[in-house]
>>> print(open('query04.cif').read())   # mmCIF, C-alpha atoms
data_final
loop_
_atom_site.label_atom_id
_atom_site.label_comp_id
_atom_site.auth_asym_id
_atom_site.auth_seq_id
_atom_site.Cartn_x
_atom_site.Cartn_y
_atom_site.Cartn_z
CA MET A 218 -16.79 -5.51 -11.43
CA ASP A 219 -16.82 -6.53 -7.76
CA VAL A 220 -14.87 -9.54 -6.51
CA ARG A 221 -14.81 -10.81 -2.94
CA PRO A 222 -11.56 -11.76 -1.19
CA ARG A 223 -10.11 -15.04 -2.56
CA GLU A 224 -12.75 -15.24 -5.28
CA LEU A 225 -11.64 -15.56 -8.88
CA ALA A 226 -12.35 -12.97 -11.55
CA PRO A 227 -12.48 -13.75 -15.28
CA ILE A 228 -10.00 -11.81 -17.38
CA SER A 229 -8.64 -11.84 -20.89
CA LEU A 230 -4.94 -11.23 -21.60
CA THR A 231 -3.25 -11.06 -24.98
CA VAL A 232 0.30 -12.28 -24.44
CA ASN A 233 2.72 -12.34 -27.37
CA GLY A 234 -0.24 -12.29 -29.72
CA ASN A 235 -2.12 -15.19 -28.07
CA VAL A 236 -5.41 -14.51 -26.32
CA HIS A 237 -5.80 -16.20 -22.93
CA GLU A 238 -9.07 -16.39 -20.98
CA LEU A 239 -8.11 -16.78 -17.31
CA GLU A 240 -9.52 -16.73 -13.82
CA VAL A 241 -7.42 -14.84 -11.29
CA GLU A 242 -7.57 -13.66 -7.72
CA PRO A 243 -7.47 -9.86 -7.80
CA ARG A 244 -4.38 -9.84 -5.56
CA TRP A 245 -2.34 -11.91 -8.00
CA LEU A 246 0.47 -9.94 -9.62
CA LEU A 247 0.77 -9.91 -13.38
CA CYS A 248 4.28 -11.41 -13.15
CA ASP A 249 2.98 -14.37 -11.15
CA VAL A 250 0.07 -14.99 -13.51
CA LEU A 251 2.46 -14.95 -16.48
CA ARG A 252 4.74 -17.44 -14.72
CA HIS A 253 2.34 -19.72 -12.88
CA GLN A 254 -0.88 -19.66 -14.90
CA LEU A 255 0.66 -19.30 -18.36
CA GLY A 256 4.00 -21.03 -17.71
CA LEU A 257 5.92 -18.09 -19.18
CA THR A 258 8.84 -18.23 -16.75
CA GLY A 259 11.08 -15.96 -18.82
CA THR A 260 9.75 -12.98 -16.88
CA HIS A 261 11.82 -13.00 -13.72
CA VAL A 262 10.73 -11.82 -10.29
CA GLY A 263 13.44 -10.16 -8.23
CA CYS A 264 12.59 -7.50 -5.69
CA GLU A 265 8.78 -7.36 -5.99
CA HIS A 266 8.74 -3.64 -5.34
CA GLY A 267 9.69 -2.12 -8.66
CA VAL A 268 13.39 -1.49 -8.08
CA CYS A 269 15.28 -4.29 -9.89
CA GLY A 270 13.44 -4.24 -13.23
CA CYS A 271 13.77 -8.00 -13.86
CA CYS A 272 10.00 -8.38 -14.33
CA THR A 273 9.71 -5.63 -16.97
CA VAL A 274 7.33 -6.50 -19.81
CA LEU A 275 5.61 -4.38 -22.46
CA ILE A 276 2.04 -3.45 -21.61
CA ASP A 277 0.28 -1.92 -24.61
CA GLY A 278 3.69 -1.20 -26.09
CA ARG A 279 5.28 0.47 -23.08
CA PRO A 280 7.74 -1.08 -20.63
CA ALA A 281 6.18 -1.58 -17.20
CA ARG A 282 6.83 -3.57 -14.03
CA SER A 283 4.74 -6.74 -14.03
CA CYS A 284 5.30 -6.99 -10.24
CA LEU A 285 3.55 -3.62 -9.77
CA MET A 286 0.38 -4.47 -11.61
CA PHE A 287 -2.42 -6.83 -10.71
CA ALA A 288 -3.31 -9.22 -13.52
CA VAL A 289 -6.95 -8.20 -13.06
CA THR A 290 -6.02 -4.59 -13.89
CA ALA A 291 -4.33 -5.81 -17.06
CA ASP A 292 -7.66 -7.30 -18.22
CA GLY A 293 -7.87 -6.59 -21.97
CA ALA A 294 -4.25 -5.45 -22.26
CA ASP A 295 -1.76 -6.43 -24.95
CA ILE A 296 1.33 -7.83 -23.23
CA ARG A 297 4.68 -8.77 -24.69
CA THR A 298 7.17 -10.87 -22.74
CA VAL A 299 10.68 -12.08 -23.47
CA GLU A 300 9.20 -15.30 -24.91
CA GLY A 301 7.80 -13.16 -27.73
CA LEU A 302 11.25 -12.14 -28.99
CA ALA A 303 12.87 -15.18 -30.62
CA ARG A 304 11.12 -16.61 -33.67
CA GLY A 305 9.29 -19.94 -33.58
CA ASP A 306 12.22 -21.63 -35.36
CA GLY A 307 14.54 -20.60 -32.50
CA LYS A 308 16.26 -17.77 -34.37
CA LEU A 309 17.14 -15.11 -31.82
CA HIS A 310 15.78 -11.58 -31.97
CA PRO A 311 18.49 -9.10 -33.07
CA LEU A 312 18.55 -7.67 -29.51
CA GLN A 313 19.24 -11.14 -28.11
CA THR A 314 21.98 -11.73 -30.68
CA ALA A 315 23.49 -8.36 -29.73
CA PHE A 316 23.44 -9.21 -26.01
CA ARG A 317 25.21 -12.49 -26.73
CA ARG A 318 27.82 -10.89 -28.98
CA HIS A 319 28.58 -7.93 -26.71
CA HIS A 320 28.61 -9.70 -23.34
CA GLY A 321 25.35 -8.03 -22.35
CA LEU A 322 24.69 -10.82 -19.86
CA GLN A 323 26.46 -13.16 -17.51
CA CYS A 324 24.12 -14.94 -15.09
CA GLY A 325 21.11 -13.88 -17.15
CA PHE A 326 18.68 -13.15 -14.33
CA CYS A 327 18.20 -9.50 -15.29
CA THR A 328 18.34 -10.12 -19.05
CA PRO A 329 14.60 -10.51 -19.79
CA GLY A 330 13.95 -7.15 -18.13
CA PHE A 331 16.77 -5.46 -20.02
CA LEU A 332 15.57 -6.89 -23.33
CA MET A 333 12.02 -5.68 -22.77
CA ALA A 334 13.17 -2.24 -21.59
CA ALA A 335 15.43 -1.96 -24.65
CA LEU A 336 12.86 -3.24 -27.14
CA PRO A 337 11.00 0.07 -27.65
CA ILE A 338 14.23 2.09 -28.02
CA TYR A 339 16.93 0.02 -29.75
CA ARG A 340 15.98 1.18 -33.24
CA ARG A 341 16.63 4.79 -32.31
CA ALA A 342 19.62 4.08 -30.07
CA GLY A 343 21.89 5.68 -32.69
CA ALA A 344 20.21 9.03 -32.08
CA LEU A 345 20.64 8.81 -28.29
CA SER A 346 23.71 9.95 -26.36
CA ASP A 347 25.23 7.48 -23.90
CA ASP A 348 23.62 9.47 -21.07
CA GLU A 349 20.19 9.27 -22.72
CA LEU A 350 20.55 5.56 -23.42
CA ARG A 351 21.67 4.86 -19.85
CA GLU A 352 18.74 6.95 -18.59
CA ALA A 353 16.33 4.85 -20.65
CA LEU A 354 17.82 1.64 -19.20
CA GLY A 355 18.38 3.12 -15.73
CA GLY A 356 15.45 1.29 -14.19
CA GLN A 357 17.11 -2.10 -14.71
CA LEU A 358 19.72 -3.50 -12.33
CA CYS A 359 22.50 -5.89 -13.40
CA ARG A 360 24.94 -7.20 -10.79
CA CYS A 361 27.27 -9.02 -13.22
CA THR A 362 28.21 -7.02 -16.27
CA GLY A 363 28.87 -3.45 -15.16
CA TYR A 364 26.48 -2.31 -17.94
CA VAL A 365 29.15 -1.51 -20.56
CA GLY A 366 28.33 -4.62 -22.59
CA ILE A 367 24.60 -3.98 -22.23
CA VAL A 368 24.85 -0.43 -23.60
CA ALA A 369 27.04 -1.68 -26.45
CA ALA A 370 24.54 -4.45 -27.22
CA VAL A 371 21.57 -2.07 -27.37
CA ARG A 372 23.61 0.17 -29.69
CA ALA A 373 24.50 -2.77 -31.96
CA ALA A 374 21.05 -4.36 -32.23
CA ALA A 375 19.64 -2.16 -34.99
CA GLU A 376 22.64 -2.88 -37.18
CA ILE A 377 22.33 -6.63 -36.60
CA GLU A 378 18.66 -6.37 -37.51
CA ALA A 379 19.52 -4.50 -40.73
CA GLY A 380 22.05 -7.24 -41.57
CA ASP A 381 19.44 -9.95 -40.89
CA SER A 382 16.93 -8.44 -43.26
CA ALA A 383 19.48 -7.75 -46.05
CA PRO A 384 18.96 -9.98 -49.08
CA MET B 232 5.94 -11.23 -0.55
CA LYS B 233 2.44 -11.08 -1.98
CA PRO B 234 -0.51 -8.86 -1.08
CA ALA B 235 -3.02 -10.04 1.50
CA PRO B 236 -6.50 -10.87 0.14
CA PHE B 237 -8.81 -7.93 -0.49
CA ALA B 238 -12.20 -7.29 -2.03
CA TYR B 239 -11.73 -5.80 -5.48
CA HIS B 240 -13.91 -3.17 -7.12
CA ARG B 241 -13.57 -1.80 -10.62
CA PRO B 242 -16.00 1.12 -10.98
CA ARG B 243 -16.86 2.63 -14.39
CA THR B 244 -17.73 6.17 -13.29
CA ARG B 245 -16.53 8.75 -10.77
CA GLU B 246 -19.95 8.51 -9.08
CA GLU B 247 -19.45 4.78 -8.51
CA VAL B 248 -16.11 5.57 -6.84
CA ASP B 249 -17.93 8.01 -4.54
CA GLY B 250 -20.44 5.29 -3.64
CA LEU B 251 -17.76 2.70 -2.88
CA LEU B 252 -15.85 5.15 -0.68
CA ALA B 253 -19.06 6.15 1.11
CA GLU B 254 -19.59 2.47 1.93
CA PHE B 255 -16.03 1.33 2.69
CA GLY B 256 -14.19 4.60 3.47
CA GLY B 257 -11.27 3.94 5.78
CA GLU B 258 -11.15 0.26 4.81
CA ALA B 259 -10.50 1.07 1.15
CA LYS B 260 -7.56 2.21 -0.95
CA ILE B 261 -7.81 3.64 -4.45
CA LEU B 262 -5.59 1.93 -7.02
CA ALA B 263 -4.58 4.10 -9.98
CA GLY B 264 -1.04 3.54 -11.33
CA GLY B 265 -0.16 1.42 -8.30
CA GLN B 266 3.55 2.27 -8.42
CA SER B 267 3.53 3.32 -4.76
CA LEU B 268 0.52 1.35 -3.51
CA ILE B 269 1.43 -2.09 -4.87
CA PRO B 270 4.93 -2.17 -3.29
CA ILE B 271 3.25 -1.33 0.03
CA LEU B 272 0.72 -4.13 -0.51
CA ASN B 273 3.42 -6.59 -1.67
CA MET B 274 5.41 -5.93 1.50
CA ARG B 275 2.20 -6.07 3.55
CA LEU B 276 2.91 -2.69 5.08
CA ALA B 277 -0.78 -2.17 4.35
CA ALA B 278 -3.61 -4.66 3.94
CA PRO B 279 -6.77 -2.74 2.99
CA ALA B 280 -9.99 -4.76 3.02
CA HIS B 281 -11.08 -3.13 -0.25
CA VAL B 282 -9.14 -2.02 -3.31
CA ILE B 283 -10.95 0.33 -5.67
CA ASP B 284 -9.25 0.04 -9.07
CA ILE B 285 -10.03 3.22 -11.02
CA ASN B 286 -8.21 2.09 -14.17
CA GLY B 287 -11.57 1.07 -15.62
CA LEU B 288 -13.12 4.56 -15.42
CA ALA B 289 -14.72 5.34 -18.78
CA ASP B 290 -14.20 8.53 -20.79
CA GLU B 291 -11.29 9.86 -18.74
CA LEU B 292 -8.73 12.10 -20.44
CA VAL B 293 -5.34 10.45 -20.76
CA GLU B 294 -3.43 13.73 -21.16
CA PRO B 295 -3.41 17.07 -19.33
CA ALA B 296 -5.97 19.56 -20.68
CA LEU B 297 -6.05 23.36 -20.72
CA LEU B 298 -9.17 24.93 -19.19
CA GLY B 299 -9.00 28.71 -18.89
CA GLY B 300 -5.57 29.54 -17.51
CA THR B 301 -5.34 26.23 -15.73
CA VAL B 302 -3.94 22.86 -16.65
CA THR B 303 -6.32 20.15 -15.47
CA ILE B 304 -4.94 16.67 -14.88
CA GLY B 305 -7.41 13.82 -14.53
CA PRO B 306 -7.02 10.72 -12.36
CA LEU B 307 -5.71 8.46 -15.13
CA VAL B 308 -3.06 10.76 -16.65
CA ARG B 309 0.15 8.75 -16.44
CA HIS B 310 3.50 10.34 -15.65
CA ALA B 311 4.74 9.44 -19.14
CA ALA B 312 1.73 11.10 -20.80
CA ALA B 313 2.15 14.29 -18.77
CA GLU B 314 5.89 14.32 -19.38
CA GLY B 315 5.50 13.89 -23.14
CA SER B 316 2.55 16.26 -23.60
CA GLN B 317 3.00 19.36 -25.75
CA LEU B 318 0.81 21.28 -23.30
CA THR B 319 3.14 20.47 -20.41
CA ALA B 320 6.16 21.53 -22.47
CA THR B 321 4.68 24.95 -23.27
CA ALA B 322 2.46 25.75 -20.28
CA LEU B 323 4.15 23.92 -17.39
CA PRO B 324 7.84 23.27 -18.03
CA LEU B 325 8.32 22.79 -14.28
CA LEU B 326 6.04 19.73 -14.34
CA ALA B 327 8.06 18.13 -17.15
CA GLN B 328 11.31 18.97 -15.34
CA ALA B 329 10.04 17.35 -12.13
CA LEU B 330 8.64 14.27 -13.92
CA ALA B 331 12.04 13.51 -15.45
CA TYR B 332 13.25 12.80 -11.90
CA VAL B 333 10.37 10.47 -11.02
CA ALA B 334 11.79 6.92 -10.83
CA HIS B 335 12.32 5.33 -14.26
CA PRO B 336 10.52 5.12 -17.63
CA ALA B 337 8.96 1.74 -16.76
CA ILE B 338 7.47 3.27 -13.59
CA ARG B 339 6.35 6.48 -15.32
CA SER B 340 4.47 4.46 -17.93
CA ARG B 341 2.00 3.35 -15.21
CA GLY B 342 2.22 5.87 -12.35
CA THR B 343 -0.25 8.75 -12.33
CA VAL B 344 0.22 12.44 -11.53
CA VAL B 345 -2.86 12.63 -9.32
CA GLY B 346 -1.87 9.41 -7.55
CA SER B 347 1.58 10.76 -6.69
CA ILE B 348 0.05 13.89 -5.20
CA ALA B 349 -2.60 11.93 -3.29
CA HIS B 350 0.10 9.60 -1.94
CA ALA B 351 1.71 12.72 -0.37
CA ASP B 352 5.20 11.33 -0.03
CA PRO B 353 7.38 14.28 1.04
CA ALA B 354 10.37 12.57 -0.64
CA ALA B 355 8.60 12.57 -4.02
CA GLU B 356 8.91 15.22 -6.72
CA LEU B 357 5.29 15.86 -7.69
CA PRO B 358 3.97 17.01 -4.29
CA ALA B 359 6.79 19.58 -4.23
CA ALA B 360 6.02 20.72 -7.79
CA PHE B 361 2.33 20.95 -6.85
CA ALA B 362 3.20 23.09 -3.81
CA ALA B 363 5.58 25.35 -5.75
CA LEU B 364 3.00 25.93 -8.49
CA GLU B 365 0.26 26.62 -5.91
CA GLY B 366 -1.94 23.93 -7.42
CA GLU B 367 -5.40 22.96 -6.34
CA ALA B 368 -6.82 19.49 -5.74
CA ARG B 369 -10.44 18.93 -6.76
CA VAL B 370 -11.75 16.53 -4.16
CA ARG B 371 -15.09 14.72 -4.27
CA SER B 372 -17.29 12.34 -2.33
CA ALA B 373 -20.94 11.30 -2.31
CA ARG B 374 -21.49 14.40 -0.14
CA GLY B 375 -20.26 16.81 -2.83
CA SER B 376 -17.02 18.28 -4.06
CA ARG B 377 -14.56 20.91 -2.92
CA SER B 378 -11.16 22.37 -3.74
CA ILE B 379 -8.14 22.08 -1.50
CA ALA B 380 -5.23 24.47 -2.10
CA ALA B 381 -1.74 23.02 -1.92
CA PRO B 382 -0.80 24.40 1.54
CA ASP B 383 -3.91 22.78 3.04
CA LEU B 384 -3.60 19.41 1.31
CA PHE B 385 -0.42 17.94 2.79
CA VAL B 386 -0.57 17.21 6.50
CA SER B 387 2.42 14.94 7.09
CA HIS B 388 4.25 11.90 5.69
CA LEU B 389 1.76 10.11 3.37
CA GLU B 390 -1.10 12.02 4.97
CA THR B 391 -3.49 14.49 3.35
CA SER B 392 -6.43 16.47 4.70
CA LEU B 393 -8.94 14.34 2.76
CA GLU B 394 -11.80 12.72 4.67
CA GLU B 395 -12.10 8.93 4.50
CA ASP B 396 -14.84 9.06 1.86
CA GLU B 397 -13.10 11.64 -0.34
CA TRP B 398 -10.73 11.20 -3.28
CA ILE B 399 -8.88 13.53 -5.63
CA GLU B 400 -10.66 13.52 -8.97
CA GLU B 401 -8.42 16.12 -10.60
CA VAL B 402 -5.44 18.33 -9.97
CA ARG B 403 -5.38 21.85 -11.35
CA LEU B 404 -2.18 23.78 -11.91
CA PRO B 405 -2.04 27.43 -13.03
CA VAL B 406 -0.01 27.84 -16.23
CA GLN B 407 3.54 28.93 -15.61
CA GLY B 408 3.45 31.91 -18.00
CA VAL B 409 6.60 34.04 -17.84
CA ARG B 410 7.86 32.32 -14.69
CA GLY B 411 11.17 30.48 -14.98
CA SER B 412 11.67 27.11 -13.30
CA ALA B 413 14.26 24.50 -12.41
CA VAL B 414 14.52 21.24 -10.44
CA GLU B 415 17.67 20.01 -8.71
CA GLU B 416 18.16 16.90 -6.67
CA PHE B 417 20.84 14.65 -5.30
CA ALA B 418 20.25 10.92 -4.98
CA ARG B 419 22.60 8.00 -4.38
CA ARG B 420 21.29 6.33 -7.54
CA HIS B 421 19.44 8.03 -10.37
CA GLY B 422 15.71 7.46 -10.00
CA ASP B 423 16.04 6.67 -6.31
CA TYR B 424 14.50 8.80 -3.60
CA ALA B 425 16.57 11.96 -3.35
CA LEU B 426 18.60 12.76 -0.22
CA CYS B 427 17.48 16.29 -0.96
CA GLY B 428 15.73 17.94 -3.88
CA VAL B 429 14.29 21.33 -4.66
CA VAL B 430 11.86 22.83 -7.12
CA ALA B 431 12.38 26.53 -7.93
CA LEU B 432 10.07 29.04 -9.57
CA ALA B 433 11.19 32.58 -10.48
CA GLU B 434 8.65 35.35 -11.02
CA PRO B 435 9.54 38.77 -12.45
CA ARG B 436 8.41 41.84 -10.49
CA ALA B 437 8.47 45.58 -11.28
CA GLY B 438 11.89 47.24 -11.32
CA SER B 439 13.58 44.10 -12.69
CA ARG B 440 13.27 42.39 -9.35
CA ILE B 441 12.69 38.69 -8.96
CA VAL B 442 10.67 36.69 -6.47
CA LEU B 443 11.96 33.16 -6.03
CA ALA B 444 9.85 30.38 -4.53
CA LEU B 445 11.42 27.09 -3.46
CA ALA B 446 9.72 23.82 -2.50
CA TYR B 447 11.98 21.16 -1.07
CA ILE B 448 11.83 17.38 -1.54
CA GLY B 449 12.63 15.10 1.40
CA MET B 450 13.33 17.91 3.84
CA GLY B 451 10.42 17.67 6.26
CA PRO B 452 7.08 15.95 6.80
CA ALA B 453 5.35 17.77 3.92
CA PRO B 454 6.41 19.95 0.98
CA VAL B 455 6.03 23.66 1.64
CA ARG B 456 6.39 26.59 -0.75
CA LEU B 457 8.95 29.01 0.67
CA GLU B 458 9.48 32.48 -0.80
CA LEU B 459 12.79 34.28 -0.70
CA PRO B 460 12.85 38.07 -0.24
CA GLU B 461 12.72 40.04 -3.51
CA LEU B 462 16.10 40.07 -5.21
CA THR B 463 17.69 41.85 -8.16
CA ALA B 464 19.46 39.96 -10.93
CA SER B 465 22.84 40.84 -9.43
CA ASP B 466 21.64 39.66 -5.99
CA VAL B 467 20.76 36.32 -7.59
CA ALA B 468 24.24 36.04 -9.08
CA GLY B 469 25.96 36.97 -5.83
CA ASP B 470 26.08 36.52 -2.07
CA ALA B 471 22.58 37.89 -1.40
CA LEU B 472 20.99 34.74 -2.85
CA GLU B 473 23.46 32.51 -0.99
CA ASP B 474 22.59 34.24 2.29
CA ALA B 475 18.84 34.12 1.67
CA VAL B 476 18.86 30.40 0.87
CA ARG B 477 21.12 29.63 3.84
CA THR B 478 18.76 31.46 6.19
CA LEU B 479 15.78 29.62 4.75
CA ALA B 480 17.50 26.23 4.96
CA HIS B 481 18.36 26.79 8.62
CA GLU B 482 15.10 28.33 9.76
CA GLN B 483 12.44 26.58 7.75
CA LEU B 484 13.57 23.05 6.88
CA GLU B 485 13.42 19.98 9.13
CA PRO B 486 15.77 17.38 7.64
CA GLU B 487 16.23 14.13 9.56
CA ASP B 488 19.11 11.75 10.13
CA ASP B 489 18.79 8.31 8.61
CA ILE B 490 21.08 5.56 7.32
CA HIS B 491 21.51 7.39 4.00
CA ALA B 492 22.62 10.81 5.24
CA SER B 493 22.86 13.00 8.31
CA ALA B 494 20.53 15.95 8.84
CA ARG B 495 23.57 18.24 8.72
CA TYR B 496 24.59 16.93 5.30
CA ARG B 497 21.01 17.24 4.03
CA ARG B 498 20.88 20.87 5.16
CA TRP B 499 24.14 21.55 3.32
CA LEU B 500 22.63 19.93 0.22
CA ALA B 501 19.53 22.10 0.65
CA GLU B 502 21.69 25.23 0.56
CA ARG B 503 23.74 24.24 -2.46
CA LEU B 504 20.86 22.76 -4.48
CA GLY B 505 18.59 25.67 -3.52
CA VAL B 506 21.09 28.22 -4.81
CA ARG B 507 21.67 26.23 -7.98
CA ALA B 508 17.96 25.75 -8.73
CA ALA B 509 17.20 29.42 -7.96
CA ARG B 510 19.91 30.60 -10.35
CA ARG B 511 18.72 28.27 -13.10
CA ALA B 512 15.08 29.34 -12.63
CA ALA B 513 16.08 33.03 -12.75
CA GLY B 514 18.22 32.30 -15.81
CA ALA B 515 15.23 30.76 -17.58
CA LEU B 516 13.38 34.00 -16.84
CA GLU B 517 15.86 36.15 -18.75
CA LYS B 518 15.17 34.23 -21.93
CA HIS B 519 11.55 35.46 -22.03
#
>>> encode(input="query04.cif", output="structure tokens")
Amino acid sequence: MDVRPRELAPISLTVNGNVHELEVEPRWLLCDVLRHQLGLTGTHVGCEHGVCGCCTVLIDGRPARSCLMFAVTADGADIRTVEGLARGDGKLHPLQTAFRRHHGLQCGFCTPGFLMAALPIYRRAGALSDDELREALGGQLCRCTGYVGIVAAVRAAAEIEAGDSAP
Amino acid sequence: MKPAPFAYHRPRTREEVDGLLAEFGGEAKILAGGQSLIPILNMRLAAPAHVIDINGLADELVEPALLGGTVTIGPLVRHAAAEGSQLTATALPLLAQALAYVAHPAIRSRGTVVGSIAHADPAAELPAAFAALEGEARVRSARGSRSIAAPDLFVSHLETSLEEDEWIEEVRLPVQGVRGSAVEEFARRHGDYALCGVVALAEPRAGSRIVLALAYIGMGPAPVRLELPELTASDVAGDALEDAVRTLAHEQLEPEDDIHASARYRRWLAERLGVRAARRAAGALEKH
């Protein structure tokens, strides 16, 4: 594929299970395409150089910075954003319930990034020490909570999920 | 900010990359993991006319591979894949130890090992690990290919000895074998660039003597492998190691002042972290 400056390139993104055929400039960041082309504004853009973690999404199952990836590079990828967490009927994902219960957020700007960074690990959080859990979340910055509530929320999520699925 | 416009190329083969670089050379940047390049583009510290995205290369290995006594790492091996690989754990513990200090999991899921080395940031962990392990970069262009040994690869901050039409297609690292290793660093925030870091490798010699090699992070324009004089185990435990590291830190390192720390403080860190890493590397040796 060769695309000239300011020309559009056709790509296909699977976002939260929906396939989208899009045309993007190669310089457009994945976070901006999610927000502006797809209207998925839950992914927040903070520092735009990979430090704050607010734009973290899952790319093929792994957390990654959507501000450090061009949408054109993500062509064909399977992406999950914070909009993919709560169910269609509005019932929160167990991680979201845990964040609400344990004061894992205040202003909420960093929350989508924290949720997506925690998503691949919350089910095994019980096997992680506090140091290991904080290491796994260490790429996300929160200026409100002081992190204690966030760590507690990630620890509690698996139990909330087990309660949800109990008969 | 957002990147300036560029022409975008997504080649399918290594030969196509050679062709694009032959045509656009100094006007082009290779995009692999993008975890260093894209911040630079976002901030418009660089505005290359051409970006060559190698993420579409077909049939590339996604994990390190063992060939002979050498671990070969292809251009699309992500940090996370190298860190989690069984081969790295058994053949190159130093690489796994260094990778654990590279930024954060969400960065390591995209960033590549070869990209970090090609970026040649003296404040980064992988160039230092590459220097300590005496790795070799396999470099290619439309004109042919060649190997560059670690001491000849890094020229200065973010500068390698590659020609404009060349790129690193693979990095080769000799297996660690009986050598013990350790990484130490001190950063203001975990995952941030270290104020000082050091990679240590301990090699046993005849007469239960030990040769220790250190490669520092963030202590000069390019990582350099520095060998300490041969020591005995009791030297390593005592003042002889302290003296050897102090001499090395004062004679061979070029720390700089900046807003984060003074050169004097960095040199003090280099002494303390050097001693600590050397002792841990030598300790790992005794377990063999």
>>> interface_residues(input="query04.cif", of="chain A", to="chain B", cutoff="8 Å", atoms="all atoms listed in the file", output="ChimeraX atom specification")
/A:218-223,243-246,265-267,273,279-282,285-286,290,334,352-353,355-356
>>> write_last_selection(input="query04.cif", atoms="C-alpha atoms", output="PDB file, in the frame of the given file")
ATOM      1  CA  MET A 218     -16.790  -5.510 -11.430  1.00  0.00           C
ATOM      2  CA  ASP A 219     -16.820  -6.530  -7.760  1.00  0.00           C
ATOM      3  CA  VAL A 220     -14.870  -9.540  -6.510  1.00  0.00           C
ATOM      4  CA  ARG A 221     -14.810 -10.810  -2.940  1.00  0.00           C
ATOM      5  CA  PRO A 222     -11.560 -11.760  -1.190  1.00  0.00           C
ATOM      6  CA  ARG A 223     -10.110 -15.040  -2.560  1.00  0.00           C
ATOM      7  CA  PRO A 243      -7.470  -9.860  -7.800  1.00  0.00           C
ATOM      8  CA  ARG A 244      -4.380  -9.840  -5.560  1.00  0.00           C
ATOM      9  CA  TRP A 245      -2.340 -11.910  -8.000  1.00  0.00           C
ATOM     10  CA  LEU A 246       0.470  -9.940  -9.620  1.00  0.00           C
ATOM     11  CA  GLU A 265       8.780  -7.360  -5.990  1.00  0.00           C
ATOM     12  CA  HIS A 266       8.740  -3.640  -5.340  1.00  0.00           C
ATOM     13  CA  GLY A 267       9.690  -2.120  -8.660  1.00  0.00           C
ATOM     14  CA  THR A 273       9.710  -5.630 -16.970  1.00  0.00           C
ATOM     15  CA  ARG A 279       5.280   0.470 -23.080  1.00  0.00           C
ATOM     16  CA  PRO A 280       7.740  -1.080 -20.630  1.00  0.00           C
ATOM     17  CA  ALA A 281       6.180  -1.580 -17.200  1.00  0.00           C
ATOM     18  CA  ARG A 282       6.830  -3.570 -14.030  1.00  0.00           C
ATOM     19  CA  LEU A 285       3.550  -3.620  -9.770  1.00  0.00           C
ATOM     20  CA  MET A 286       0.380  -4.470 -11.610  1.00  0.00           C
ATOM     21  CA  THR A 290      -6.020  -4.590 -13.890  1.00  0.00           C
ATOM     22  CA  ALA A 334      13.170  -2.240 -21.590  1.00  0.00           C
ATOM     23  CA  GLU A 352      18.740   6.950 -18.590  1.00  0.00           C
ATOM     24  CA  ALA A 353      16.330   4.850 -20.650  1.00  0.00           C
ATOM     25  CA  GLY A 355      18.380   3.120 -15.730  1.00  0.00           C
ATOM     26  CA  GLY A 356      15.450   1.290 -14.190  1.00  0.00           C
TER      27      GLY A 356
END
>>> residues_around(input="query04.cif", residues="B:Arg497", least_positions_apart="3", cutoff="8 Å", atoms="all atoms listed in the file", output="number ranges by chain")
B: 426-427, 450, 486-487, 492-494, 500-501
>>> atom_distance(input="query04.cif", atom1="atom CA of B:His310", atom2="atom CA of B:Glu294")
9.5 Å
>>> resolve_selection(input="query04.cif", expression="the PyMOL selection byres ((chain A and resi 311-327) around 10)", output="PyMOL selection string")
chain A and resi 259-263+269-273+299+302-303+308-310+328-333+335-336+339-340+357-381
>>> resolve_selection(input="query04.cif", expression="the PyMOL selection byres ((chain B and resi 380-384) around 12)", output="CSV table (one decimal) with C-alpha atoms, in the coordinates of the input")
chain,number,residue,atom,x,y,z
B,348,ILE,CA,0.0,13.9,-5.2
B,349,ALA,CA,-2.6,11.9,-3.3
B,350,HIS,CA,0.1,9.6,-1.9
B,351,ALA,CA,1.7,12.7,-0.4
B,357,LEU,CA,5.3,15.9,-7.7
B,358,PRO,CA,4.0,17.0,-4.3
B,359,ALA,CA,6.8,19.6,-4.2
B,360,ALA,CA,6.0,20.7,-7.8
B,361,PHE,CA,2.3,21.0,-6.8
B,362,ALA,CA,3.2,23.1,-3.8
B,363,ALA,CA,5.6,25.4,-5.8
B,364,LEU,CA,3.0,25.9,-8.5
B,365,GLU,CA,0.3,26.6,-5.9
B,366,GLY,CA,-1.9,23.9,-7.4
B,367,GLU,CA,-5.4,23.0,-6.3
B,368,ALA,CA,-6.8,19.5,-5.7
B,369,ARG,CA,-10.4,18.9,-6.8
B,370,VAL,CA,-11.8,16.5,-4.2
B,377,ARG,CA,-14.6,20.9,-2.9
B,378,SER,CA,-11.2,22.4,-3.7
B,379,ILE,CA,-8.1,22.1,-1.5
B,385,PHE,CA,-0.4,17.9,2.8
B,386,VAL,CA,-0.6,17.2,6.5
B,387,SER,CA,2.4,14.9,7.1
B,388,HIS,CA,4.2,11.9,5.7
B,389,LEU,CA,1.8,10.1,3.4
B,390,GLU,CA,-1.1,12.0,5.0
B,391,THR,CA,-3.5,14.5,3.4
B,392,SER,CA,-6.4,16.5,4.7
B,393,LEU,CA,-8.9,14.3,2.8
B,394,GLU,CA,-11.8,12.7,4.7
B,398,TRP,CA,-10.7,11.2,-3.3
B,399,ILE,CA,-8.9,13.5,-5.6
B,402,VAL,CA,-5.4,18.3,-10.0
B,403,ARG,CA,-5.4,21.8,-11.4
B,404,LEU,CA,-2.2,23.8,-11.9
B,405,PRO,CA,-2.0,27.4,-13.0
B,446,ALA,CA,9.7,23.8,-2.5
B,453,ALA,CA,5.4,17.8,3.9
B,454,PRO,CA,6.4,20.0,1.0
B,455,VAL,CA,6.0,23.7,1.6
B,456,ARG,CA,6.4,26.6,-0.8
B,457,LEU,CA,9.0,29.0,0.7
